[in-house]
>>> print(open('start.cif').read())   # mmCIF, C-alpha atoms
data_data
#
loop_
_atom_site.label_atom_id
_atom_site.label_comp_id
_atom_site.auth_asym_id
_atom_site.auth_seq_id
_atom_site.Cartn_x
_atom_site.Cartn_y
_atom_site.Cartn_z
CA MET A 1 5.91 53.44 8.59
CA HIS A 2 4.81 53.41 4.91
CA ILE A 3 3.55 56.97 4.28
CA LEU A 4 2.06 58.70 1.24
CA VAL A 5 2.05 62.51 1.02
CA PHE A 6 -0.54 63.43 -1.59
CA GLY A 7 0.11 67.00 -2.70
CA ALA A 8 3.73 67.69 -1.82
CA GLY A 9 3.91 71.46 -2.04
CA ALA A 10 5.56 73.44 0.75
CA LEU A 11 3.55 71.96 3.60
CA GLY A 12 3.55 68.40 2.29
CA SER A 13 7.28 68.59 1.62
CA VAL A 14 8.00 69.58 5.22
CA PHE A 15 5.89 66.74 6.59
CA GLY A 16 7.23 64.21 4.10
CA GLY A 17 10.84 65.30 4.39
CA LEU A 18 11.00 65.28 8.18
CA LEU A 19 9.11 61.99 8.39
CA ALA A 20 11.58 60.42 5.94
CA ARG A 21 14.52 61.87 7.87
CA ALA A 22 13.14 60.10 10.96
CA GLY A 23 13.37 56.75 9.16
CA ASN A 24 9.93 56.33 7.64
CA ASP A 25 9.30 55.09 4.09
CA VAL A 26 7.80 58.19 2.45
CA VAL A 27 6.42 58.65 -1.07
CA LEU A 28 5.69 62.16 -2.38
CA VAL A 29 3.08 62.90 -5.04
CA GLY A 30 3.20 66.45 -6.41
CA ARG A 31 4.26 68.79 -9.20
CA PRO A 32 7.30 68.00 -11.37
CA TRP A 33 8.62 71.59 -11.23
CA HIS A 34 9.38 71.05 -7.52
CA LEU A 35 9.79 67.30 -7.19
CA ASP A 36 12.17 66.93 -10.14
CA ALA A 37 14.69 68.90 -8.06
CA VAL A 38 13.98 66.66 -5.06
CA THR A 39 14.75 63.61 -7.22
CA ARG A 40 18.03 65.10 -8.44
CA GLU A 41 19.39 66.70 -5.28
CA GLY A 42 17.22 65.61 -2.38
CA LEU A 43 14.92 67.89 -0.40
CA LEU A 44 16.44 70.78 1.55
CA ILE A 45 14.41 71.89 4.58
CA GLU A 46 15.51 75.10 6.30
CA GLY A 47 14.15 77.53 8.86
CA ILE A 48 13.10 77.46 12.48
CA TRP A 49 13.40 73.65 12.78
CA GLY A 50 16.99 73.54 11.51
CA ARG A 51 18.64 72.71 8.20
CA HIS A 52 18.16 69.21 6.82
CA ARG A 53 19.03 67.61 3.50
CA VAL A 54 16.74 64.60 2.95
CA SER A 55 17.66 62.17 0.20
CA ASN A 56 15.66 59.04 1.06
CA LEU A 57 12.35 60.24 -0.42
CA ARG A 58 10.58 58.50 -3.28
CA VAL A 59 8.85 60.73 -5.83
CA VAL A 60 5.94 59.53 -7.97
CA TYR A 61 4.01 61.35 -10.71
CA ASP A 62 2.03 58.42 -12.09
CA LEU A 63 -0.15 56.75 -9.47
CA ALA A 64 0.09 53.50 -11.41
CA GLU A 65 3.64 53.24 -10.05
CA LEU A 66 2.37 53.09 -6.46
CA ARG A 67 1.88 49.93 -4.47
CA GLY A 68 -0.35 50.06 -1.44
CA PRO A 69 -1.79 50.04 1.00
CA PHE A 70 -0.12 52.79 3.02
CA ALA A 71 -0.29 53.00 6.79
CA LEU A 72 -0.65 56.78 6.71
CA ILE A 73 -1.83 59.06 3.90
CA LEU A 74 -1.40 62.80 4.40
CA VAL A 75 -3.59 64.87 2.07
CA THR A 76 -2.05 68.30 1.50
CA VAL A 77 -3.60 69.36 -1.81
CA LYS A 78 -5.46 72.62 -2.30
CA ALA A 79 -9.04 72.45 -1.02
CA TYR A 80 -10.55 72.53 -4.51
CA ASP A 81 -8.68 69.31 -5.37
CA THR A 82 -9.99 67.35 -2.38
CA SER A 83 -12.57 65.39 -4.37
CA VAL A 84 -9.93 64.40 -6.91
CA ALA A 85 -7.59 63.35 -4.11
CA ALA A 86 -10.33 61.32 -2.42
CA ARG A 87 -10.81 59.24 -5.56
CA ALA A 88 -7.10 58.94 -6.28
CA ILE A 89 -6.09 57.57 -2.88
CA GLN A 90 -8.86 54.95 -2.63
CA PRO A 91 -6.75 52.08 -4.11
CA PHE A 92 -4.07 52.70 -1.48
CA VAL A 93 -6.33 52.60 1.57
CA GLY A 94 -6.16 49.31 3.46
CA PRO A 95 -7.86 47.99 6.61
CA ASP A 96 -5.44 49.84 8.91
CA THR A 97 -4.82 52.99 6.86
CA LEU A 98 -5.29 56.44 8.41
CA VAL A 99 -6.06 59.32 6.03
CA VAL A 100 -5.39 62.79 7.45
CA SER A 101 -6.48 66.05 5.84
CA LEU A 102 -3.88 68.76 6.57
CA GLN A 103 -5.57 71.36 4.37
CA ASN A 104 -6.85 74.91 4.61
CA GLY A 105 -10.53 75.64 4.88
CA LEU A 106 -13.63 73.77 5.98
CA GLY A 107 -15.29 70.60 4.70
CA ASN A 108 -12.21 68.82 3.30
CA ALA A 109 -12.10 65.96 5.79
CA GLU A 110 -15.80 65.32 5.32
CA ILE A 111 -15.21 64.77 1.58
CA LEU A 112 -12.37 62.35 2.32
CA ALA A 113 -14.40 60.51 4.97
CA ALA A 114 -17.25 59.99 2.51
CA SER A 115 -14.79 58.30 0.16
CA VAL A 116 -12.57 56.22 2.48
CA GLY A 117 -14.87 55.79 5.50
CA LYS A 118 -15.17 57.90 8.64
CA GLU A 119 -13.29 55.35 10.77
CA LYS A 120 -10.19 55.84 8.61
CA CYS A 121 -10.25 59.62 8.35
CA ALA A 122 -8.89 62.42 10.54
CA ALA A 123 -8.43 66.17 10.17
CA GLY A 124 -5.46 68.24 11.23
CA ARG A 125 -5.11 71.94 12.04
CA VAL A 126 -1.73 73.15 10.80
CA ILE A 127 -0.58 76.54 12.00
CA PHE A 128 3.07 76.59 10.99
CA GLY A 129 4.16 78.45 7.90
CA ALA A 130 6.21 77.01 5.04
CA GLU A 131 7.18 78.14 1.56
CA ILE A 132 9.04 76.75 -1.42
CA VAL A 133 12.04 79.06 -1.77
CA THR A 134 13.29 77.40 -4.96
CA PRO A 135 12.43 73.98 -6.42
CA GLY A 136 13.65 71.33 -4.02
CA ARG A 137 14.13 73.79 -1.16
CA VAL A 138 11.48 74.62 1.46
CA GLN A 139 11.63 76.92 4.46
CA VAL A 140 9.65 76.71 7.71
CA THR A 141 9.04 80.34 8.63
CA VAL A 142 6.90 80.37 11.77
CA CYS A 143 5.06 78.03 14.14
CA ALA A 144 2.23 79.46 16.25
CA ASP A 145 1.11 76.21 17.89
CA ASP A 146 1.20 72.41 17.63
CA VAL A 147 -0.39 70.58 14.76
CA VAL A 148 -3.59 69.14 16.23
CA ILE A 149 -5.24 66.02 14.80
CA GLY A 150 -8.64 64.57 15.62
CA PRO A 151 -11.41 62.47 14.07
CA ALA A 152 -12.92 63.95 10.93
CA LEU A 153 -16.45 63.18 12.13
CA PRO A 154 -17.99 62.79 15.61
CA GLN A 155 -18.40 59.52 17.53
CA ALA A 156 -15.06 58.08 16.50
CA GLY A 157 -14.35 54.51 17.47
CA ALA A 158 -11.42 53.22 19.50
CA ALA A 159 -9.59 52.00 16.38
CA LEU A 160 -9.56 55.47 14.83
CA ARG A 161 -8.40 57.09 18.07
CA HIS A 162 -5.58 54.54 18.27
CA SER A 163 -4.55 55.24 14.67
CA ILE A 164 -4.51 58.98 15.36
CA ALA A 165 -2.38 58.50 18.50
CA ARG A 166 0.11 56.43 16.49
CA ALA A 167 0.30 59.03 13.70
CA VAL A 168 0.76 61.86 16.21
CA ALA A 169 3.62 59.99 17.89
CA ILE A 170 5.39 59.46 14.56
CA ILE A 171 4.95 63.11 13.54
CA LYS A 172 6.32 64.27 16.91
CA GLU A 173 9.30 61.93 16.56
CA ALA A 174 10.01 63.59 13.22
CA GLY A 175 10.38 66.96 14.99
CA ILE A 176 7.00 68.51 14.18
CA PRO A 177 5.08 69.65 17.30
CA CYS A 178 1.83 67.67 17.26
CA ARG A 179 -0.91 66.48 19.60
CA ALA A 180 -4.15 64.53 19.40
CA VAL A 181 -7.52 66.06 20.32
CA GLU A 182 -10.96 64.53 20.73
CA ASP A 183 -12.68 67.34 18.80
CA VAL A 184 -10.66 69.05 16.08
CA GLN A 185 -13.53 71.13 14.69
CA PRO A 186 -13.07 74.16 16.99
CA TYR A 187 -9.44 74.37 15.86
CA LEU A 188 -10.38 74.17 12.19
CA TRP A 189 -13.06 76.83 12.58
CA ALA A 190 -10.79 79.16 14.55
CA LYS A 191 -8.21 78.97 11.78
CA ALA A 192 -10.96 79.62 9.23
CA PHE A 193 -12.06 82.78 11.10
CA TYR A 194 -8.51 84.09 10.83
CA ASN A 195 -8.09 83.15 7.16
CA CYS A 196 -11.53 84.39 6.10
CA ALA A 197 -10.85 87.81 7.59
CA LEU A 198 -7.32 88.34 6.30
CA ASN A 199 -6.70 86.28 3.17
CA PRO A 200 -9.28 87.70 0.73
CA LEU A 201 -8.81 91.32 1.78
CA GLY A 202 -5.04 91.08 1.52
CA ALA A 203 -5.39 89.33 -1.83
CA LEU A 204 -7.86 91.81 -3.29
CA LEU A 205 -5.93 94.86 -2.09
CA GLY A 206 -2.45 93.47 -2.72
CA VAL A 207 -1.18 94.10 0.82
CA ASN A 208 0.14 92.18 3.82
CA TYR A 209 -1.87 91.42 6.96
CA GLY A 210 -0.49 94.45 8.80
CA ARG A 211 -1.84 96.88 6.21
CA VAL A 212 -5.28 95.28 6.41
CA HIS A 213 -5.17 95.54 10.21
CA ASP A 214 -4.07 99.18 10.33
CA ASN A 215 -6.84 100.66 8.20
CA PRO A 216 -10.16 101.35 9.98
CA HIS A 217 -12.17 100.59 6.83
CA THR A 218 -10.74 97.11 6.35
CA ARG A 219 -10.98 96.46 10.10
CA ARG A 220 -14.73 97.07 9.88
CA ILE A 221 -14.97 94.53 7.08
CA MET A 222 -12.92 91.99 9.05
CA ASN A 223 -15.17 92.47 12.07
CA GLY A 224 -18.21 91.74 9.90
CA VAL A 225 -16.61 88.67 8.30
CA ILE A 226 -15.68 87.18 11.67
CA ARG A 227 -19.02 87.92 13.35
CA GLU A 228 -20.84 86.19 10.49
CA ALA A 229 -18.51 83.18 10.53
CA PHE A 230 -18.78 82.90 14.31
CA ALA A 231 -22.58 82.94 14.07
CA VAL A 232 -22.50 80.20 11.44
CA ALA A 233 -20.24 78.06 13.63
CA VAL A 234 -22.60 78.47 16.60
CA SER A 235 -25.58 77.59 14.41
CA LYS A 236 -23.80 74.36 13.41
CA GLY A 237 -23.15 73.42 17.03
CA ILE A 238 -19.37 73.92 16.99
CA LYS A 239 -18.08 74.12 20.58
CA LEU A 240 -15.84 77.17 20.38
CA PRO A 241 -13.57 78.24 23.26
CA TRP A 242 -14.77 81.86 23.04
CA GLN A 243 -18.02 83.04 24.63
CA ASP A 244 -18.91 85.20 21.65
CA ALA A 245 -17.48 86.81 18.53
CA ASP A 246 -16.23 89.85 20.44
CA ALA A 247 -14.10 87.61 22.66
CA TYR A 248 -12.57 86.01 19.57
CA LEU A 249 -12.00 89.43 17.98
CA ASP A 250 -10.09 90.54 21.06
CA ASP A 251 -7.75 87.53 20.70
CA PHE A 252 -7.57 88.05 16.95
CA TYR A 253 -6.33 91.64 17.19
CA THR A 254 -4.11 91.31 20.26
CA VAL A 255 -2.68 87.77 20.05
CA LEU A 256 -3.16 86.13 16.65
CA LEU A 257 -2.62 88.86 14.09
CA PRO A 258 0.42 90.84 15.40
CA PRO A 259 3.04 88.06 14.89
CA THR A 260 1.96 87.70 11.24
CA ARG A 261 1.76 91.39 10.29
CA ASP A 262 4.34 91.01 7.53
CA HIS A 263 2.79 87.92 5.97
CA ARG A 264 1.59 88.14 2.37
CA PRO A 265 -1.58 86.05 1.90
CA SER A 266 -1.26 82.79 0.00
CA MET A 267 -4.44 83.85 -1.82
CA LEU A 268 -2.62 86.94 -3.10
CA GLN A 269 0.20 84.73 -4.37
CA ASP A 270 -2.36 82.53 -6.15
CA LEU A 271 -3.95 85.54 -7.86
CA GLU A 272 -0.56 86.91 -8.90
CA ARG A 273 0.25 83.57 -10.55
CA GLY A 274 -3.13 83.32 -12.27
CA ARG A 275 -4.12 80.31 -10.17
CA ARG A 276 -7.41 79.31 -8.64
CA THR A 277 -7.74 80.24 -4.96
CA GLU A 278 -9.21 78.38 -1.98
CA ILE A 279 -11.94 81.00 -1.46
CA ASP A 280 -14.75 78.42 -1.77
CA ALA A 281 -13.35 76.45 1.20
CA LEU A 282 -13.06 79.64 3.28
CA ASN A 283 -15.53 82.52 2.88
CA GLY A 284 -17.49 80.57 0.27
CA LYS A 285 -17.96 77.70 2.71
CA ILE A 286 -19.20 80.17 5.37
CA VAL A 287 -21.74 81.39 2.83
CA ALA A 288 -22.83 77.83 1.99
CA TYR A 289 -23.17 76.85 5.65
CA GLY A 290 -25.00 80.11 6.31
CA ARG A 291 -27.60 79.22 3.69
CA GLU A 292 -28.03 75.79 5.26
CA THR A 293 -28.60 77.24 8.73
CA GLY A 294 -30.44 80.43 7.77
CA THR A 295 -27.58 82.65 8.96
CA PRO A 296 -26.97 85.84 6.94
CA THR A 297 -23.41 86.16 5.56
CA PRO A 298 -23.31 89.30 3.32
CA TYR A 299 -19.70 90.25 4.12
CA ASN A 300 -18.43 86.78 3.29
CA GLU A 301 -20.54 86.59 0.15
CA VAL A 302 -19.20 89.88 -1.22
CA LEU A 303 -15.58 88.84 -0.62
CA THR A 304 -16.20 85.45 -2.24
CA ASN A 305 -17.66 87.07 -5.35
CA LEU A 306 -14.88 89.65 -5.60
CA VAL A 307 -12.15 87.00 -5.37
CA HIS A 308 -13.91 84.95 -8.06
CA PHE A 309 -13.95 88.06 -10.25
CA ARG A 310 -10.20 88.44 -9.77
CA GLU A 311 -9.64 84.78 -10.61
CA ILE A 312 -11.52 85.17 -13.91
CA SER A 313 -10.04 88.54 -14.81
CA GLY A 314 -6.54 87.24 -14.06
CA LYS A 315 -7.02 84.48 -16.61
CA GLU A 316 -8.35 86.99 -19.14
CA PHE A 317 -5.32 89.22 -18.70
CA ALA A 318 -3.00 86.21 -18.96
CA SER A 319 -4.51 85.27 -22.33
CA ASP A 320 -4.32 88.76 -23.86
#
>>> encode(input="start.cif", output="structure tokens")
Amino acid sequence: MHILVFGAGALGSVFGGLLARAGNDVVLVGRPWHLDAVTREGLLIEGIWGRHRVSNLRVVYDLAELRGPFALILVTVKAYDTSVAARAIQPFVGPDTLVVSLQNGLGNAEILAASVGKEKCAAGRVIFGAEIVTPGRVQVTVCADDVVIGPALPQAGAALRHSIARAVAIIKEAGIPCRAVEDVQPYLWAKAFYNCALNPLGALLGVNYGRVHDNPHTRRIMNGVIREAFAVAVSKGIKLPWQDADAYLDDFYTVLLPPTRDHRPSMLQDLERGRRTEIDALNGKIVAYGRETGTPTPYNEVLTNLVHFREISGKEFASD
């Protein structure tokens, strides 16, 4: 299959590398600091799915070098670059192309669907961890569940469901646990609950998830964040598998959080490097949806504003 990975950081590199290893024709679009090493030495994938050196990847920096259409386009850019990605991939979308958002946060797939058409667009919930150890070398650190992929928008037609089934089969053949679902939104929202509670607090305080969990003050904030986000999801008609926010919180504290106690938030890493964060696709999106539905979201709004302050102040310090 002819596959484009648009945004080949850690996550995109794992998908692209394993898909290429399985015999697919894969093109990576990403940052030179990482992909230059891939061009020279191939991509090294290590971790819980084994050790693989992949040398049959094509790397592109200038989109003018690409020839489409592609059968499958995986969008793995940061959430704030989704609109840019949507415009950039348009020339490479053909009649049978499937575009899949594999991004953090809420609202990404809807942006892509508006650009390429809802019958060509799917969303995926990714819950395995990956990091770039050094340029050209990525590590898969943990996998909590399968990747799940479903239509970006409701009332998907048979053609889209068929395209999703084909993409899922190819991803599974590459060694990445994956399954198709009719409704992916509950999975995306559940991941957002988790990220909204832990990422900004860990980033603002400079600590791992375990430290945020262990302190009663931060636990109270997390409870407020999740209760607000859960209420917003209910107001938008999302069919969640939990009866109420307290049921989710029970799973959050007993099942979801403990295996990731030592994890340092990606948002903290962004702030440390003076980069923009994905706060607007997480807590900021909860705030935006809350305004649309008339659902109060003060905890999420405060965290969003504080992270934006850190983004700005980080740039100021960097320029001093």
>>> closest_residue(input="start.cif", among="A:Gly124, A:Pro69, A:Gly136, A:Gly47", to="A:Pro32", atoms="all atoms listed in the file")
A:Gly136
>>> axis_aligned_box(input="start.cif", around="stretch 160-168 of chain A", padding_each_side="5 Å", output="JSON")
{"center_x": -4.4, "center_y": 58.2, "center_z": 16.1, "size_x": 20.3, "size_y": 17.3, "size_z": 14.8}
>>> atom_distance(input="start.cif", atom1="atom CA of A:Pro216", atom2="atom CA of A:Phe309")
24.5 Å
>>> resolve_selection(input="start.cif", expression="the PyMOL selection byres ((chain A and resi 4) around 6)", output="PyMOL selection string")
chain A and resi 3+5+26-27+73
>>> closest_atom_pairs(input="start.cif", of="stretch 111-217 of chain A", to="stretch 264-273 of chain A", cutoff="6 Å", atoms="all atoms listed in the file", output="JSON lines")
{"residue": "A:Asn199", "atom": "CA", "partner": "A:Pro265", "partner_atom": "CA", "distance": 5.3}
{"residue": "A:Ala203", "atom": "CA", "partner": "A:Leu268", "partner_atom": "CA", "distance": 3.9}
{"residue": "A:Asn208", "atom": "CA", "partner": "A:Arg264", "partner_atom": "CA", "distance": 4.5}
>>> resolve_selection(input="start.cif", expression="the PyMOL selection byres ((chain A and resi 298) around 9)", output="mmCIF file with C-alpha atoms, keeping the file's coordinate frame")
data_model
loop_
_atom_site.group_PDB
_atom_site.id
_atom_site.type_symbol
_atom_site.label_atom_id
_atom_site.label_comp_id
_atom_site.auth_asym_id
_atom_site.auth_seq_id
_atom_site.Cartn_x
_atom_site.Cartn_y
_atom_site.Cartn_z
ATOM 1 C CA GLY A 224 -18.210 91.740 9.900
ATOM 2 C CA VAL A 225 -16.610 88.670 8.300
ATOM 3 C CA GLU A 228 -20.840 86.190 10.490
ATOM 4 C CA VAL A 287 -21.740 81.390 2.830
ATOM 5 C CA PRO A 296 -26.970 85.840 6.940
ATOM 6 C CA THR A 297 -23.410 86.160 5.560
ATOM 7 C CA TYR A 299 -19.700 90.250 4.120
ATOM 8 C CA ASN A 300 -18.430 86.780 3.290
ATOM 9 C CA GLU A 301 -20.540 86.590 0.150
ATOM 10 C CA VAL A 302 -19.200 89.880 -1.220
ATOM 11 C CA LEU A 303 -15.580 88.840 -0.620
#
>>> resolve_selection(input="start.cif", expression="the PyMOL selection byres ((chain A and resi 96) around 10)", output="list in words")
Pro69, Phe70, Ala71, Leu72, Val93, Gly94, Pro95, Thr97, Leu98, Val99, Glu119, Lys120, Ala159, Leu160 and Ser163 of chain A
>>> residues_around(input="start.cif", residues="A:Met222", least_positions_apart="6", cutoff="9 Å", atoms="all atoms listed in the file", output="PyMOL selection string")
chain A and resi 196-198+201+212-213+299
>>> residues_around(input="start.cif", residues="stretch 180-195 of chain A", least_positions_apart="5", cutoff="9 Å", atoms="all atoms listed in the file", output="PyMOL selection string")
chain A and resi 104-106+122-127+147-154+156+161+164-165+168+200+225-227+229-230+233+238-241+248+252+256-257+265+281-283
